[in-house]
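Enquirer: Pasting a structure here, questions to come.
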Amino acid sequence: MTIEYAIFGGGCFWCTEAVFKDVIGVETVESVYTGGRRPNPTYEQVCAGVTGHAEAIRVGFDPAKLSYGDLLDIHFVTHDPTQLNRQGNDVGTQYRSVIFPANAGQHAEAEAAILRAQADQNQPIVTTIEPLGEVYVAEDYHQNYWDGAGQRNGYCMAVIPPKLQKLRKSYADRMKSLSAGG
């Protein structure tokens, strides 16, 4: 099996990670920091908005089961790409809607996905496409957050279930939790 990677941000990485872990063809999801200036940033530094990094996820996927374009379409359905430097109450450039393509093919797919997504929006999409620089894996306690501490976190309980509902509504046939092999 060949694994390819997609990196994008759409708000809090706890929330985006929870969505993509349930998509058929997704093999791994890591919470990461990228798109910033400071080497080896900490969560506190990123949250303070002083590093320029986005909270993002690195999705390892099987291209035989799921295309990069499909991942981007799911990304656009499960966050609000019309909010500049925020998602709901999370405000700052670290929560920006952003795609970090790894190559020219992914860049072209990102541009096409933005155009597809714009057709479903009443406001302009503000998602940026930024060069992929250094990627820093977030601290261990951020990984698989929804599966553990997130179930006891009021913020996650308010934000993640609606995102999973959007995924269920638009992509039920692509969800691990709803498939026969679940």
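As shown in the structure tokens, the chain order sets the letters A, B, ...; within each chain, residues go from 1, and ligands are also counted from 1 in the order they appear.
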Compile the contact shell of Asp70 (chain A) as a list in words: residues with an atom at most 12 Å away, counting only C-alpha atoms, same-chain residues fewer than 4 positions apart removed.

Expert: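 After dropping sequence-adjacent residues, the list is Ala6, Phe20, Val23, Ile24, Gly25, Val26, Phe61, Asp62, Pro63, Ala64, Lys65, Leu66, Ile74, His75, Phe76, Val77, Gln106, Glu109, Ala110, Ala112, Ala113, Arg116, Ala117, Ser170, Tyr171 and Arg174 of chain A.
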
Enquirer: Among region 3-167 of chain A, which ones does DSSP place in alpha helix (DSSP H), written as an mmCIF file with N, CA, C and O atoms, in the first residue's frame?

Expert:
data_model
loop_
_atom_site.group_PDB
_atom_site.id
_atom_site.type_symbol
_atom_site.label_atom_id
_atom_site.label_comp_id
_atom_site.auth_asym_id
_atom_site.auth_seq_id
_atom_site.Cartn_x
_atom_site.Cartn_y
_atom_site.Cartn_z
ATOM 1 N N PHE A 13 -6.926 21.870 15.790
ATOM 2 C CA PHE A 13 -6.571 20.564 15.234
ATOM 3 C C PHE A 13 -7.222 19.410 15.970
ATOM 4 O O PHE A 13 -7.350 18.311 15.429
ATOM 5 N N TRP A 14 -7.660 19.606 17.198
ATOM 6 C CA TRP A 14 -8.405 18.539 17.889
ATOM 7 C C TRP A 14 -9.668 18.205 17.102
ATOM 8 O O TRP A 14 -10.063 17.056 16.990
ATOM 9 N N CYS A 15 -10.294 19.252 16.566
ATOM 10 C CA CYS A 15 -11.576 19.081 15.871
ATOM 11 C C CYS A 15 -11.399 18.523 14.470
ATOM 12 O O CYS A 15 -12.180 17.674 14.041
ATOM 13 N N THR A 16 -10.385 18.975 13.754
ATOM 14 C CA THR A 16 -10.179 18.456 12.413
ATOM 15 C C THR A 16 -9.664 17.020 12.447
ATOM 16 O O THR A 16 -10.042 16.201 11.613
ATOM 17 N N GLU A 17 -8.838 16.712 13.431
ATOM 18 C CA GLU A 17 -8.334 15.343 13.573
ATOM 19 C C GLU A 17 -9.489 14.357 13.759
ATOM 20 O O GLU A 17 -9.530 13.298 13.133
ATOM 21 N N ALA A 18 -10.436 14.714 14.597
ATOM 22 C CA ALA A 18 -11.570 13.821 14.887
ATOM 23 C C ALA A 18 -12.358 13.492 13.631
ATOM 24 O O ALA A 18 -12.810 12.358 13.449
ATOM 25 N N VAL A 19 -12.518 14.462 12.755
ATOM 26 C CA VAL A 19 -13.269 14.246 11.518
ATOM 27 C C VAL A 19 -12.530 13.272 10.606
ATOM 28 O O VAL A 19 -13.088 12.279 10.144
ATOM 29 N N PHE A 20 -11.271 13.527 10.346
ATOM 30 C CA PHE A 20 -10.553 12.755 9.339
ATOM 31 C C PHE A 20 -10.193 11.349 9.794
ATOM 32 O O PHE A 20 -10.011 10.459 8.958
ATOM 33 N N TYR A 43 2.888 24.492 21.892
ATOM 34 C CA TYR A 43 1.465 24.784 21.806
ATOM 35 C C TYR A 43 1.170 26.185 22.347
ATOM 36 O O TYR A 43 0.418 26.946 21.739
ATOM 37 N N GLU A 44 1.783 26.528 23.459
ATOM 38 C CA GLU A 44 1.546 27.836 24.069
ATOM 39 C C GLU A 44 1.986 28.958 23.133
ATOM 40 O O GLU A 44 1.307 29.974 23.012
ATOM 41 N N GLN A 45 3.129 28.785 22.464
ATOM 42 C CA GLN A 45 3.619 29.800 21.537
ATOM 43 C C GLN A 45 2.692 29.929 20.328
ATOM 44 O O GLN A 45 2.383 31.041 19.899
ATOM 45 N N VAL A 46 2.255 28.796 19.791
ATOM 46 C CA VAL A 46 1.355 28.826 18.634
ATOM 47 C C VAL A 46 0.033 29.476 19.023
ATOM 48 O O VAL A 46 -0.486 30.332 18.302
ATOM 49 N N CYS A 47 -0.521 29.085 20.164
ATOM 50 C CA CYS A 47 -1.799 29.655 20.621
ATOM 51 C C CYS A 47 -1.699 31.153 20.883
ATOM 52 O O CYS A 47 -2.680 31.871 20.708
ATOM 53 N N TYR A 68 -6.691 12.891 -3.056
ATOM 54 C CA TYR A 68 -6.354 14.154 -2.398
ATOM 55 C C TYR A 68 -7.506 15.146 -2.566
ATOM 56 O O TYR A 68 -7.884 15.836 -1.620
ATOM 57 N N GLY A 69 -8.083 15.196 -3.762
ATOM 58 C CA GLY A 69 -9.223 16.076 -4.011
ATOM 59 C C GLY A 69 -10.405 15.747 -3.114
ATOM 60 O O GLY A 69 -11.086 16.651 -2.621
ATOM 61 N N ASP A 70 -10.669 14.455 -2.893
ATOM 62 C CA ASP A 70 -11.748 14.055 -1.979
ATOM 63 C C ASP A 70 -11.475 14.550 -0.561
ATOM 64 O O ASP A 70 -12.385 15.030 0.130
ATOM 65 N N LEU A 71 -10.225 14.425 -0.114
ATOM 66 C CA LEU A 71 -9.869 14.918 1.227
ATOM 67 C C LEU A 71 -10.143 16.413 1.337
ATOM 68 O O LEU A 71 -10.685 16.882 2.342
ATOM 69 N N LEU A 72 -9.766 17.156 0.304
ATOM 70 C CA LEU A 72 -9.993 18.599 0.325
ATOM 71 C C LEU A 72 -11.486 18.924 0.321
ATOM 72 O O LEU A 72 -11.923 19.839 1.034
ATOM 73 N N ASP A 73 -12.273 18.176 -0.440
ATOM 74 C CA ASP A 73 -13.725 18.410 -0.448
ATOM 75 C C ASP A 73 -14.310 18.176 0.941
ATOM 76 O O ASP A 73 -15.159 18.957 1.406
ATOM 77 N N ILE A 74 -13.864 17.133 1.621
ATOM 78 C CA ILE A 74 -14.322 16.862 2.994
ATOM 79 C C ILE A 74 -13.883 17.990 3.917
ATOM 80 O O ILE A 74 -14.644 18.457 4.762
ATOM 81 N N HIS A 75 -12.666 18.443 3.752
ATOM 82 C CA HIS A 75 -12.133 19.564 4.541
ATOM 83 C C HIS A 75 -13.054 20.785 4.417
ATOM 84 O O HIS A 75 -13.421 21.403 5.426
ATOM 85 N N PHE A 76 -13.459 21.106 3.203
ATOM 86 C CA PHE A 76 -14.290 22.289 2.993
ATOM 87 C C PHE A 76 -15.703 22.125 3.556
ATOM 88 O O PHE A 76 -16.312 23.109 3.980
ATOM 89 N N VAL A 77 -16.211 20.925 3.593
ATOM 90 C CA VAL A 77 -17.562 20.693 4.123
ATOM 91 C C VAL A 77 -17.580 20.725 5.653
ATOM 92 O O VAL A 77 -18.591 21.073 6.249
ATOM 93 N N ALA A 104 3.358 20.254 -6.972
ATOM 94 C CA ALA A 104 2.573 21.022 -7.944
ATOM 95 C C ALA A 104 1.211 20.381 -8.201
ATOM 96 O O ALA A 104 0.213 21.093 -8.381
ATOM 97 N N GLY A 105 1.147 19.067 -8.205
ATOM 98 C CA GLY A 105 -0.132 18.383 -8.402
ATOM 99 C C GLY A 105 -1.112 18.689 -7.281
ATOM 100 O O GLY A 105 -2.291 18.977 -7.541
ATOM 101 N N GLN A 106 -0.632 18.644 -6.040
ATOM 102 C CA GLN A 106 -1.506 18.988 -4.916
ATOM 103 C C GLN A 106 -1.899 20.458 -4.972
ATOM 104 O O GLN A 106 -3.031 20.806 -4.611
ATOM 105 N N HIS A 107 -1.006 21.316 -5.413
ATOM 106 C CA HIS A 107 -1.337 22.742 -5.517
ATOM 107 C C HIS A 107 -2.483 22.945 -6.505
ATOM 108 O O HIS A 107 -3.441 23.674 -6.220
ATOM 109 N N ALA A 108 -2.398 22.296 -7.652
ATOM 110 C CA ALA A 108 -3.467 22.409 -8.657
ATOM 111 C C ALA A 108 -4.784 21.851 -8.109
ATOM 112 O O ALA A 108 -5.853 22.443 -8.319
ATOM 113 N N GLU A 109 -4.715 20.736 -7.389
ATOM 114 C CA GLU A 109 -5.914 20.149 -6.771
ATOM 115 C C GLU A 109 -6.507 21.096 -5.730
ATOM 116 O O GLU A 109 -7.729 21.198 -5.597
ATOM 117 N N ALA A 110 -5.650 21.778 -4.974
ATOM 118 C CA ALA A 110 -6.122 22.729 -3.959
ATOM 119 C C ALA A 110 -6.874 23.882 -4.618
ATOM 120 O O ALA A 110 -7.946 24.290 -4.152
ATOM 121 N N GLU A 111 -6.330 24.404 -5.702
ATOM 122 C CA GLU A 111 -7.014 25.488 -6.423
ATOM 123 C C GLU A 111 -8.369 25.015 -6.934
ATOM 124 O O GLU A 111 -9.370 25.741 -6.827
ATOM 125 N N ALA A 112 -8.421 23.810 -7.488
ATOM 126 C CA ALA A 112 -9.683 23.264 -8.006
ATOM 127 C C ALA A 112 -10.689 23.030 -6.871
ATOM 128 O O ALA A 112 -11.889 23.299 -7.033
ATOM 129 N N ALA A 113 -10.218 22.572 -5.724
ATOM 130 C CA ALA A 113 -11.113 22.324 -4.587
ATOM 131 C C ALA A 113 -11.721 23.623 -4.069
ATOM 132 O O ALA A 113 -12.892 23.663 -3.687
ATOM 133 N N ILE A 114 -10.939 24.688 -4.049
ATOM 134 C CA ILE A 114 -11.469 25.988 -3.622
ATOM 135 C C ILE A 114 -12.589 26.421 -4.565
ATOM 136 O O ILE A 114 -13.645 26.883 -4.126
ATOM 137 N N LEU A 115 -12.381 26.262 -5.851
ATOM 138 C CA LEU A 115 -13.421 26.629 -6.820
ATOM 139 C C LEU A 115 -14.684 25.778 -6.643
ATOM 140 O O LEU A 115 -15.800 26.309 -6.690
ATOM 141 N N ARG A 116 -14.514 24.477 -6.415
ATOM 142 C CA ARG A 116 -15.683 23.607 -6.174
ATOM 143 C C ARG A 116 -16.422 24.041 -4.919
ATOM 144 O O ARG A 116 -17.645 24.125 -4.900
ATOM 145 N N ALA A 117 -15.673 24.309 -3.867
ATOM 146 C CA ALA A 117 -16.283 24.672 -2.584
ATOM 147 C C ALA A 117 -16.993 26.022 -2.658
ATOM 148 O O ALA A 117 -18.020 26.220 -1.999
ATOM 149 N N GLN A 118 -16.460 26.948 -3.457
ATOM 150 C CA GLN A 118 -17.072 28.280 -3.546
ATOM 151 C C GLN A 118 -18.512 28.202 -4.039
ATOM 152 O O GLN A 118 -19.349 29.002 -3.632
ATOM 153 N N GLY A 154 -15.490 20.210 27.306
ATOM 154 C CA GLY A 154 -16.730 20.866 26.897
ATOM 155 C C GLY A 154 -16.631 21.527 25.534
ATOM 156 O O GLY A 154 -17.575 21.485 24.739
ATOM 157 N N TYR A 155 -15.488 22.148 25.237
ATOM 158 C CA TYR A 155 -15.281 22.773 23.939
ATOM 159 C C TYR A 155 -15.404 21.724 22.835
ATOM 160 O O TYR A 155 -16.126 21.910 21.862
ATOM 161 N N CYS A 156 -14.700 20.620 22.986
ATOM 162 C CA CYS A 156 -14.739 19.561 21.966
ATOM 163 C C CYS A 156 -16.138 18.972 21.847
ATOM 164 O O CYS A 156 -16.597 18.688 20.732
ATOM 165 N N MET A 157 -16.809 18.800 22.966
ATOM 166 C CA MET A 157 -18.167 18.235 22.936
ATOM 167 C C MET A 157 -19.128 19.170 22.204
ATOM 168 O O MET A 157 -20.097 18.708 21.603
ATOM 169 N N ALA A 158 -18.847 20.459 22.224
ATOM 170 C CA ALA A 158 -19.704 21.421 21.517
ATOM 171 C C ALA A 158 -19.355 21.527 20.028
ATOM 172 O O ALA A 158 -20.243 21.756 19.206
ATOM 173 N N VAL A 159 -18.091 21.337 19.669
ATOM 174 C CA VAL A 159 -17.641 21.590 18.301
ATOM 175 C C VAL A 159 -17.555 20.324 17.438
ATOM 176 O O VAL A 159 -17.941 20.340 16.264
ATOM 177 N N ILE A 160 -17.048 19.240 17.989
ATOM 178 C CA ILE A 160 -16.776 18.055 17.165
ATOM 179 C C ILE A 160 -18.029 17.332 16.698
ATOM 180 O O ILE A 160 -18.132 17.009 15.503
ATOM 181 N N PRO A 161 -19.031 17.049 17.553
ATOM 182 C CA PRO A 161 -20.218 16.345 17.036
ATOM 183 C C PRO A 161 -20.895 17.029 15.845
ATOM 184 O O PRO A 161 -21.265 16.338 14.883
ATOM 185 N N PRO A 162 -21.030 18.361 15.814
ATOM 186 C CA PRO A 162 -21.603 18.979 14.604
ATOM 187 C C PRO A 162 -20.738 18.764 13.361
ATOM 188 O O PRO A 162 -21.263 18.600 12.253
ATOM 189 N N LYS A 163 -19.409 18.747 13.517
ATOM 190 C CA LYS A 163 -18.531 18.474 12.380
ATOM 191 C C LYS A 163 -18.737 17.044 11.885
ATOM 192 O O LYS A 163 -18.784 16.789 10.684
ATOM 193 N N LEU A 164 -18.875 16.112 12.819
ATOM 194 C CA LEU A 164 -19.112 14.721 12.433
ATOM 195 C C LEU A 164 -20.478 14.577 11.764
ATOM 196 O O LEU A 164 -20.637 13.781 10.837
ATOM 197 N N GLN A 165 -21.450 15.364 12.197
ATOM 198 C CA GLN A 165 -22.767 15.361 11.540
ATOM 199 C C GLN A 165 -22.667 15.840 10.093
ATOM 200 O O GLN A 165 -23.304 15.283 9.200
ATOM 201 N N LYS A 166 -21.882 16.893 9.864
ATOM 202 C CA LYS A 166 -21.683 17.391 8.501
ATOM 203 C C LYS A 166 -21.029 16.315 7.642
ATOM 204 O O LYS A 166 -21.407 16.119 6.485
ATOM 205 N N LEU A 167 -20.060 15.619 8.212
ATOM 206 C CA LEU A 167 -19.406 14.534 7.487
ATOM 207 C C LEU A 167 -20.421 13.437 7.177
ATOM 208 O O LEU A 167 -20.497 12.954 6.053
#

Enquirer: Please compute the CA of Gln151 (chain A)-CA of Gly35 (chain A) distance, one decimal, in Å.

Expert: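 Interatomic distance, CA of Gln151 (chain A) to CA of Gly35 (chain A): 28.8 Å.
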
Enquirer: Give the strand (DSSP E) residues of region 2-136 of chain A, as assigned by DSSP on the backbone, as JSON, numbers by chain.

Expert: {"A": [4, 5, 6, 7, 8, 9, 10, 26, 27, 28, 29, 30, 31, 32, 33, 34, 54, 55, 56, 57, 58, 59, 60, 61, 86, 87, 90, 91, 97, 98, 99, 128, 129, 135, 136]}

Enquirer: Let me see the file: selected residues, N, CA and C atoms, as an mmCIF file, in the first residue's frame.

Expert:
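Output (result15.cif):
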data_model
loop_
_atom_site.group_PDB
_atom_site.id
_atom_site.type_symbol
_atom_site.label_atom_id
_atom_site.label_comp_id
_atom_site.auth_asym_id
_atom_site.auth_seq_id
_atom_site.Cartn_x
_atom_site.Cartn_y
_atom_site.Cartn_z
ATOM 1 N N GLU A 4 0.118 8.497 0.842
ATOM 2 C CA GLU A 4 0.430 9.885 0.503
ATOM 3 C C GLU A 4 -0.024 10.754 1.672
ATOM 4 N N TYR A 5 0.409 12.001 1.668
ATOM 5 C CA TYR A 5 0.100 12.890 2.788
ATOM 6 C C TYR A 5 -0.535 14.190 2.307
ATOM 7 N N ALA A 6 -1.480 14.658 3.095
ATOM 8 C CA ALA A 6 -2.139 15.944 2.884
ATOM 9 C C ALA A 6 -1.993 16.728 4.181
ATOM 10 N N ILE A 7 -1.711 18.011 4.066
ATOM 11 C CA ILE A 7 -1.594 18.859 5.251
ATOM 12 C C ILE A 7 -2.465 20.087 5.044
ATOM 13 N N PHE A 8 -3.364 20.309 5.993
ATOM 14 C CA PHE A 8 -4.224 21.483 5.938
ATOM 15 C C PHE A 8 -4.712 21.840 7.332
ATOM 16 N N GLY A 9 -5.199 23.071 7.462
ATOM 17 C CA GLY A 9 -5.728 23.561 8.724
ATOM 18 C C GLY A 9 -7.090 24.170 8.511
ATOM 19 N N GLY A 10 -7.921 24.023 9.525
ATOM 20 C CA GLY A 10 -9.260 24.591 9.482
ATOM 21 C C GLY A 10 -9.775 24.795 10.891
ATOM 22 N N VAL A 26 -8.235 6.892 5.089
ATOM 23 C CA VAL A 26 -7.289 7.619 5.936
ATOM 24 C C VAL A 26 -6.606 6.600 6.850
ATOM 25 N N GLU A 27 -5.287 6.584 6.797
ATOM 26 C CA GLU A 27 -4.506 5.627 7.584
ATOM 27 C C GLU A 27 -3.962 6.247 8.867
ATOM 28 N N THR A 28 -3.573 7.515 8.809
ATOM 29 C CA THR A 28 -3.029 8.205 9.984
ATOM 30 C C THR A 28 -3.480 9.656 9.979
ATOM 31 N N VAL A 29 -3.596 10.233 11.159
ATOM 32 C CA VAL A 29 -3.849 11.669 11.304
ATOM 33 C C VAL A 29 -2.984 12.157 12.457
ATOM 34 N N GLU A 30 -2.165 13.160 12.180
ATOM 35 C CA GLU A 30 -1.324 13.750 13.214
ATOM 36 C C GLU A 30 -1.639 15.232 13.332
ATOM 37 N N SER A 31 -1.689 15.724 14.562
ATOM 38 C CA SER A 31 -1.804 17.160 14.801
ATOM 39 C C SER A 31 -0.404 17.750 14.694
ATOM 40 N N VAL A 32 -0.288 18.811 13.876
ATOM 41 C CA VAL A 32 1.021 19.404 13.609
ATOM 42 C C VAL A 32 0.924 20.929 13.617
ATOM 43 N N TYR A 33 2.098 21.556 13.656
ATOM 44 C CA TYR A 33 2.230 22.996 13.473
ATOM 45 C C TYR A 33 3.047 23.199 12.200
ATOM 46 N N THR A 34 2.601 24.092 11.326
ATOM 47 C CA THR A 34 3.367 24.412 10.134
ATOM 48 C C THR A 34 2.964 25.799 9.629
ATOM 49 N N ALA A 54 0.177 27.529 11.831
ATOM 50 C CA ALA A 54 -1.228 27.129 11.894
ATOM 51 C C ALA A 54 -1.309 25.817 12.656
ATOM 52 N N GLU A 55 -2.396 25.643 13.415
ATOM 53 C CA GLU A 55 -2.725 24.317 13.912
ATOM 54 C C GLU A 55 -3.241 23.575 12.686
ATOM 55 N N ALA A 56 -2.597 22.493 12.336
ATOM 56 C CA ALA A 56 -2.942 21.764 11.121
ATOM 57 C C ALA A 56 -2.946 20.269 11.407
ATOM 58 N N ILE A 57 -3.364 19.508 10.423
ATOM 59 C CA ILE A 57 -3.271 18.056 10.518
ATOM 60 C C ILE A 57 -2.527 17.525 9.304
ATOM 61 N N ARG A 58 -1.771 16.455 9.545
ATOM 62 C CA ARG A 58 -1.097 15.727 8.463
ATOM 63 C C ARG A 58 -1.836 14.399 8.333
ATOM 64 N N VAL A 59 -2.503 14.243 7.207
ATOM 65 C CA VAL A 59 -3.339 13.076 6.959
ATOM 66 C C VAL A 59 -2.593 12.119 6.031
ATOM 67 N N GLY A 60 -2.328 10.916 6.523
ATOM 68 C CA GLY A 60 -1.762 9.868 5.677
ATOM 69 C C GLY A 60 -2.916 9.083 5.075
ATOM 70 N N PHE A 61 -2.956 9.000 3.750
ATOM 71 C CA PHE A 61 -4.104 8.353 3.109
ATOM 72 C C PHE A 61 -3.659 7.412 2.001
ATOM 73 N N ARG A 86 -9.965 32.485 11.745
ATOM 74 C CA ARG A 86 -10.776 32.042 12.885
ATOM 75 C C ARG A 86 -11.636 30.860 12.459
ATOM 76 N N GLN A 87 -12.131 30.152 13.461
ATOM 77 C CA GLN A 87 -13.207 29.184 13.309
ATOM 78 C C GLN A 87 -14.033 29.332 14.568
ATOM 79 N N ASP A 90 -12.555 30.368 18.098
ATOM 80 C CA ASP A 90 -11.097 30.291 17.997
ATOM 81 C C ASP A 90 -10.640 31.364 17.021
ATOM 82 N N VAL A 91 -9.937 32.374 17.542
ATOM 83 C CA VAL A 91 -9.555 33.530 16.732
ATOM 84 C C VAL A 91 -8.040 33.664 16.708
ATOM 85 N N SER A 97 -7.867 29.001 7.770
ATOM 86 C CA SER A 97 -8.214 27.966 6.799
ATOM 87 C C SER A 97 -7.115 27.981 5.747
ATOM 88 N N VAL A 98 -6.370 26.874 5.668
ATOM 89 C CA VAL A 98 -5.157 26.856 4.852
ATOM 90 C C VAL A 98 -4.884 25.452 4.315
ATOM 91 N N ILE A 99 -4.287 25.416 3.150
ATOM 92 C CA ILE A 99 -3.847 24.163 2.539
ATOM 93 C C ILE A 99 -2.354 24.307 2.277
ATOM 94 N N THR A 128 -6.318 29.954 2.249
ATOM 95 C CA THR A 128 -5.082 30.246 1.541
ATOM 96 C C THR A 128 -4.378 28.943 1.162
ATOM 97 N N ILE A 129 -3.583 29.035 0.128
ATOM 98 C CA ILE A 129 -2.688 27.948 -0.255
ATOM 99 C C ILE A 129 -1.291 28.479 0.023
ATOM 100 N N VAL A 135 7.437 20.994 9.136
ATOM 101 C CA VAL A 135 6.259 20.511 9.856
ATOM 102 C C VAL A 135 6.731 19.986 11.211
ATOM 103 N N TYR A 136 6.083 20.451 12.270
ATOM 104 C CA TYR A 136 6.430 20.026 13.623
ATOM 105 C C TYR A 136 5.246 19.274 14.212
#

Enquirer: Suppose you want the space between CA of Thr93 (chain A) and CA of Pro39 (chain A); what is it in Å?

Expert: 17.2 Å

Enquirer: In Å to one decimal, how far is CA of Ala48 (chain A) from CA of Tyr95 (chain A)?

Expert: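 So the answer is 11.3 Å.
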
Enquirer: Identify, on the basis of only C-alpha atoms, every residue whose closest approach to Thr82 (chain A) does not exceed 7 Å; exclude the query and any residue fewer than 3 positions from it along the same chain; express the result as an MDAnalysis selection string.

Expert: chainID A and resid 123:126

Enquirer: Could you save the residues just selected, with C-alpha atoms, as a PDB file, in the first residue's frame?

Expert:
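Output file result38.pdb follows:
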ATOM      1  CA  GLN A 123     -19.484  34.418   1.154  1.00  0.00           C
ATOM      2  CA  PRO A 124     -16.053  34.365  -0.503  1.00  0.00           C
ATOM      3  CA  ILE A 125     -13.739  31.551   0.547  1.00  0.00           C
ATOM      4  CA  VAL A 126     -10.666  32.924   2.319  1.00  0.00           C
TER       5      VAL A 126
END

Enquirer: Looking at A:Arg152, A:Gly11, A:Val137, A:Met1, which one is nearest to Thr78 (chain A), with distances taken over only C-alpha atoms?

Expert: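 Looking only at the distances to Thr78 (chain A), the closest residue turns out to be A:Gly11.
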